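The structure appears right after this line, and notes come after that.
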Amino acid sequence: MKMVRFYLENLSLITILIIAFFVWSSRFESCNARQDKYWRQSKTAPAETVFLQKEKGYGVSHDQSRTFSKFVDYHYIWADETMATNQGQSSATFNVYDYGAKGDGHTDDTKAFEAVWAAACKVEASTIVVPSGSTFLVQPVSFAGPNCAENIIFQLDGKIIAPTSAGAWGSGLLQWIEFTKLKGITIRGKGVIDGQGSAWWHELPTLSPNSEVTGELSKKMPGTKPTALRFYGSTNVTVTGITIQNSPQTHLKFDDCTSVQVSGFTAASPANSPHTDGIHLQNSRDVLIYSTDLACGDDCVSIQTGCSNVYIHNVNCGPGHGISIGGLGKDNTKACVSNVNVRDVAMQNTLTGVRIKTWQGGSGSVQGITFSNIQVSGVETPIMIDQFYCDGSKCSNKSSAVAVSNINYVDIKGTYTRNPVHFACSDNLPCTGVSLDSIELKSVGEDSQPFCWNTYGELKSVTVPPINCLQSGKSRKPIVHC
């Protein structure tokens, strides 16, 4: 009997110890599991680890890659998923209201925007939220790297407005809202950036005498007009869904950027708003613009020096000045543009359709350009190359020029009001390799003949109207490359 009691007592003790061990073990594993989810792996982790995870199906598609944070201990996490910080668990979403914004359209919310940026800048794949249903007055501001984390998202669903007082701009600024030196920056949403540009458009008589903006016009605005939204020195830049309206000057500008994507974007300003380009590209490479509506007072898209690998498709343009490469080579500078493809574009009531314009005296080259499936309606001059471009300042004849070669026009159709084709090429450096295929342009007024000067190329099909002025063969002048 004593032996049985001793056996049962020891069996109970062993059972208790086993149960205790399993409880302790499960808690330890639970803790480790939480660490697996939130612990951020060092950036020095072996690259092959990420590669192996992608091979096993844990990678992300190209379209999704910007919405994920960096690799986190064998897991990808969404940008809005909670993650650990030094202060404990916190959300990767940062709302401007939590940083003091009022959103009433009158209070200056600039400091709140600066504060929310400072916080989000520290967290990779963080999201800044500008809520819908509110209007935020923001002074000129720069959201700057290069010490920010990568892949920040600026979710714009509300409205941001610019100040209309002359004092807010000092002696003049080149931009209003700026993002600089960032790796992976996305602005997306259904919101609006309103530059309130009528404060700068002195010649527009459309304002009410009693309006707040009109009152501000009594204080002269600076001569330098700002771009509404500018990206500088950044890579993997995305702008999608938003509207920029009434910009004092250019609506959206990319300067020295690589891997740019613009989609579902709208630029909206009156036809007589001066110098209000829709999208302006300069020194930028690998650019994709599509599914976009551009109405402005200048070029719908302006492609300047230093741009290459630019692809534009499914864009509505008008009013405006069309899609332009240039002006290039101003003040005897060197300009280089190459590999530009523009297709599936509709233009209505624009000054020009597709245009290349260069200043006399410049150097460099424009080459490898294709315009295809361009529908024009009521466009003054649908097809233009102008190597004698002058914006109204004193312009004198000079022997040097930016070379223009390998320019292709395919399926350009619709109506014009002034001149169907205008090719004015340099006396000393003719345009070469200009090809035209399936051109059908009809006048809505008096018929006028295509104009060509020193332009060499090929007609690949019968054109309407006939373009008999194009010179066949090749120029004796050497082709210039940048």
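By order in the structure tokens, chains are A, B, ...; within a chain, residues start at 1; ligands start at 1, following the order shown.
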Point to revise | Close residues, Gly361 in chain A itself excluded, 6 Å, only C-alpha atoms, min 5 positions apart in chain, as a PyMOL selection string | key: chain A and resi 332+398+400-401
Exercise for review: Taking the chain letters and numbering used in this document, name the residues of range 138-235 of chain A that DSSP puts in helix (DSSP H, G or I), as a list of chain:residue names.
Suggested key: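 Put together, the selection reads A:Ala166, A:Gly167, A:Ala168, A:Trp169, A:Gly197, A:Ser198, A:Ala199, A:Glu212, A:Val213, A:Thr214, A:Gly215, A:Glu216, A:Leu217.
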Practice item. Write out as a list in words which residues come within 7 Å of range 141-150 of chain A when counting only C-alpha atoms, dropping same-chain ones fewer than 5 positions away. Key: Trp117, Cys121, Lys122, Val123, Glu124, Ala125, Trp176, Ile177, Glu178, Phe179, Thr180, Lys181, Leu182, Lys183 and Gly184 of chain A
Residues from last step as file, N, CA and C atoms, as a PDB file, in the first residue's frame:
ATOM      1  N   TRP A 117       5.772  64.918 -41.289  1.00  0.00           N
ATOM      2  CA  TRP A 117       6.838  64.421 -42.150  1.00  0.00           C
ATOM      3  C   TRP A 117       8.039  63.971 -41.327  1.00  0.00           C
ATOM      4  N   CYS A 121       9.144  60.183 -41.648  1.00  0.00           N
ATOM      5  CA  CYS A 121      10.439  60.066 -42.322  1.00  0.00           C
ATOM      6  C   CYS A 121      11.323  59.001 -41.678  1.00  0.00           C
ATOM      7  N   LYS A 122      11.097  58.725 -40.399  1.00  0.00           N
ATOM      8  CA  LYS A 122      11.942  57.784 -39.664  1.00  0.00           C
ATOM      9  C   LYS A 122      11.503  56.329 -39.847  1.00  0.00           C
ATOM     10  N   VAL A 123      10.332  56.119 -40.438  1.00  0.00           N
ATOM     11  CA  VAL A 123       9.748  54.774 -40.496  1.00  0.00           C
ATOM     12  C   VAL A 123       9.618  54.330 -41.949  1.00  0.00           C
ATOM     13  N   GLU A 124      10.239  53.251 -42.259  1.00  0.00           N
ATOM     14  CA  GLU A 124      10.194  52.746 -43.623  1.00  0.00           C
ATOM     15  C   GLU A 124       8.779  52.334 -44.021  1.00  0.00           C
ATOM     16  N   ALA A 125       8.396  52.688 -45.241  1.00  0.00           N
ATOM     17  CA  ALA A 125       7.070  52.351 -45.781  1.00  0.00           C
ATOM     18  C   ALA A 125       5.936  52.939 -44.951  1.00  0.00           C
ATOM     19  N   TRP A 176       6.476  75.489 -54.648  1.00  0.00           N
ATOM     20  CA  TRP A 176       5.628  75.598 -53.459  1.00  0.00           C
ATOM     21  C   TRP A 176       5.798  74.355 -52.579  1.00  0.00           C
ATOM     22  N   ILE A 177       5.476  73.172 -53.099  1.00  0.00           N
ATOM     23  CA  ILE A 177       5.635  71.931 -52.353  1.00  0.00           C
ATOM     24  C   ILE A 177       6.720  71.110 -53.039  1.00  0.00           C
ATOM     25  N   GLU A 178       7.696  70.661 -52.250  1.00  0.00           N
ATOM     26  CA  GLU A 178       8.852  69.991 -52.844  1.00  0.00           C
ATOM     27  C   GLU A 178       9.206  68.733 -52.052  1.00  0.00           C
ATOM     28  N   PHE A 179       9.528  67.667 -52.787  1.00  0.00           N
ATOM     29  CA  PHE A 179      10.072  66.440 -52.202  1.00  0.00           C
ATOM     30  C   PHE A 179      11.469  66.235 -52.791  1.00  0.00           C
ATOM     31  N   THR A 180      12.478  66.111 -51.940  1.00  0.00           N
ATOM     32  CA  THR A 180      13.844  66.063 -52.451  1.00  0.00           C
ATOM     33  C   THR A 180      14.630  64.887 -51.884  1.00  0.00           C
ATOM     34  N   LYS A 181      15.466  64.316 -52.747  1.00  0.00           N
ATOM     35  CA  LYS A 181      16.470  63.318 -52.383  1.00  0.00           C
ATOM     36  C   LYS A 181      15.884  62.157 -51.583  1.00  0.00           C
ATOM     37  N   LEU A 182      14.868  61.527 -52.173  1.00  0.00           N
ATOM     38  CA  LEU A 182      14.185  60.419 -51.524  1.00  0.00           C
ATOM     39  C   LEU A 182      14.287  59.158 -52.375  1.00  0.00           C
ATOM     40  N   LYS A 183      14.224  58.015 -51.718  1.00  0.00           N
ATOM     41  CA  LYS A 183      14.218  56.726 -52.400  1.00  0.00           C
ATOM     42  C   LYS A 183      12.877  56.063 -52.149  1.00  0.00           C
ATOM     43  N   GLY A 184      12.026  56.069 -53.161  1.00  0.00           N
ATOM     44  CA  GLY A 184      10.715  55.487 -53.011  1.00  0.00           C
ATOM     45  C   GLY A 184       9.755  56.445 -52.342  1.00  0.00           C
TER      46      GLY A 184
END
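Residue nearest Arg418 in chain A within the list A:Ala112, A:Ala335, A:Met384, A:Leu173: A:Met384 [criterion: smallest interatomic distance, only C-alpha atoms].
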**Study point:** Length of the CA of His422 in chain A to CA of Gln348 in chain A vector [Å]
**Key:**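 Atom-to-atom, CA of His422 in chain A and CA of Gln348 in chain A are spaced 18.5 Å apart.
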Practice item. If you run DSSP over the backbone, which residues in range 113-314 of chain A end up strand (DSSP E or B)? Put them as a PyMOL selection string. Key: chain A and resi 127-130+135-137+141-144+152-156+159-161+175-180+183-188+192-194+227-232+235-240+243-245+252-255+258-263+266-268+279-282+285-295+301-303+307-314
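Atom to atom, CA of Leu156 in chain A and CA of Ser324 in chain A stand 29.1 Å apart.
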So that I can see what lies close to Phe451 in chain A, please list as an mmCIF file with N, CA, C and O atoms, in the first residue's frame the residues with an atom at most 10 Å from it, counting only C-alpha atoms and leaving out residues fewer than 2 positions away in the same chain.
data_model
loop_
_atom_site.group_PDB
_atom_site.id
_atom_site.type_symbol
_atom_site.label_atom_id
_atom_site.label_comp_id
_atom_site.auth_asym_id
_atom_site.auth_seq_id
_atom_site.Cartn_x
_atom_site.Cartn_y
_atom_site.Cartn_z
ATOM 1 N N MET A 384 5.262 69.652 -85.638
ATOM 2 C CA MET A 384 6.192 70.778 -85.753
ATOM 3 C C MET A 384 7.593 70.411 -85.273
ATOM 4 O O MET A 384 7.760 69.778 -84.232
ATOM 5 N N ASN A 419 -1.745 75.237 -89.818
ATOM 6 C CA ASN A 419 -0.764 74.593 -90.684
ATOM 7 C C ASN A 419 -0.638 73.135 -90.282
ATOM 8 O O ASN A 419 -0.434 72.848 -89.102
ATOM 9 N N PRO A 420 -0.769 72.201 -91.224
ATOM 10 C CA PRO A 420 -0.733 70.787 -90.828
ATOM 11 C C PRO A 420 0.640 70.326 -90.361
ATOM 12 O O PRO A 420 0.755 69.585 -89.392
ATOM 13 N N VAL A 421 1.695 70.767 -91.084
ATOM 14 C CA VAL A 421 3.061 70.332 -90.784
ATOM 15 C C VAL A 421 3.988 71.524 -90.938
ATOM 16 O O VAL A 421 3.919 72.257 -91.937
ATOM 17 N N HIS A 422 4.881 71.706 -89.955
ATOM 18 C CA HIS A 422 5.844 72.810 -90.004
ATOM 19 C C HIS A 422 7.204 72.275 -89.584
ATOM 20 O O HIS A 422 7.448 72.003 -88.415
ATOM 21 N N PHE A 423 8.105 72.115 -90.562
ATOM 22 C CA PHE A 423 9.465 71.662 -90.302
ATOM 23 C C PHE A 423 10.432 72.796 -90.653
ATOM 24 O O PHE A 423 10.669 73.054 -91.843
ATOM 25 N N ALA A 424 10.953 73.479 -89.662
ATOM 26 C CA ALA A 424 11.909 74.566 -89.886
ATOM 27 C C ALA A 424 13.234 74.165 -89.258
ATOM 28 O O ALA A 424 13.429 74.300 -88.037
ATOM 29 N N SER A 448 -3.965 75.060 -95.997
ATOM 30 C CA SER A 448 -2.598 75.563 -96.093
ATOM 31 C C SER A 448 -1.674 74.383 -96.355
ATOM 32 O O SER A 448 -1.991 73.245 -96.002
ATOM 33 N N GLN A 449 -0.560 74.661 -96.960
ATOM 34 C CA GLN A 449 0.363 73.614 -97.362
ATOM 35 C C GLN A 449 1.401 73.339 -96.277
ATOM 36 O O GLN A 449 1.795 74.235 -95.525
ATOM 37 N N TRP A 453 11.787 73.088 -94.288
ATOM 38 C CA TRP A 453 13.031 73.798 -94.587
ATOM 39 C C TRP A 453 14.191 72.957 -94.090
ATOM 40 O O TRP A 453 14.329 72.696 -92.898
ATOM 41 N N THR A 455 14.873 69.763 -94.345
ATOM 42 C CA THR A 455 14.423 68.582 -93.610
ATOM 43 C C THR A 455 14.541 67.355 -94.505
ATOM 44 O O THR A 455 13.973 67.318 -95.598
ATOM 45 N N ILE A 467 2.802 65.808 -98.478
ATOM 46 C CA ILE A 467 3.967 66.501 -97.907
ATOM 47 C C ILE A 467 5.098 66.369 -98.918
ATOM 48 O O ILE A 467 5.970 65.501 -98.817
ATOM 49 N N ASN A 468 5.070 67.244 -99.908
ATOM 50 C CA ASN A 468 6.041 67.143 -100.998
ATOM 51 C C ASN A 468 7.338 67.893 -100.702
ATOM 52 O O ASN A 468 8.296 67.788 -101.475
ATOM 53 N N CYS A 469 7.358 68.626 -99.612
ATOM 54 C CA CYS A 469 8.531 69.454 -99.334
ATOM 55 C C CYS A 469 9.643 68.697 -98.616
ATOM 56 O O CYS A 469 10.759 69.207 -98.466
ATOM 57 N N LEU A 470 9.373 67.489 -98.149
ATOM 58 C CA LEU A 470 10.398 66.722 -97.440
ATOM 59 C C LEU A 470 11.463 66.251 -98.415
ATOM 60 O O LEU A 470 11.149 65.683 -99.469
#
Review point. Which polymer residues have any atom within 9 Å of an atom of Glu458 in chain A, counting only C-alpha atoms, with same-chain residues fewer than 2 positions away left out, as a list in words?
Key: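 That gives Gly433, Val434, Ser435, Leu436, Asp437, Tyr456, Lys460, Leu470, Gln471, Ser472 and Gly473 of chain A.
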Check your understanding: Which residue gives the smallest distance to Ile374 in chain A among A:Lys111, A:Lys357, A:His313, A:Lys190, with only C-alpha atoms counted?
Key ->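 For Ile374 in chain A, the nearest of the given residues is A:His313.
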Revision key, fill the gap. If you count only C-alpha atoms, the residue of A:Ile479, A:Ala168, A:Leu229, A:Ile152 closest to Asp108 in chain A turns out to be A:Ala168
Exercise for review: Pick out the residues sitting within 12 Å of Ser132 in chain A, and hand them over as a list of chain:residue names; count only C-alpha atoms, and ignore anything fewer than 6 positions along from it in its own chain.
Suggested key: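 Counting only the stated atoms, we get A:Asn95, A:Val96, A:Tyr97, A:Gly103, A:Asp104, A:Gln155, A:Leu156, A:Asp157, A:Gly158, A:Lys159, A:Ile160, A:Gly189, A:Lys190, A:Gly191, A:Val192.
CA of Gln375 in chain A lies 10.6 Å from CA of Val315 in chain A.
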Point to revise | Residue with smallest distance to Arg188 in chain A - pool A:Val366, A:Leu174, A:Cys425, A:Ile242, counting only C-alpha atoms | key: A:Ile242
Exercise for review: Just the residues within 12 Å of Gly297 in chain A, please, counting only C-alpha atoms, with nothing from its chain fewer than 2 positions along; format it as a ChimeraX atom specification.
Suggested key: /A:197,201,245-251,267-279,294-295,299-301,317-322,349-351
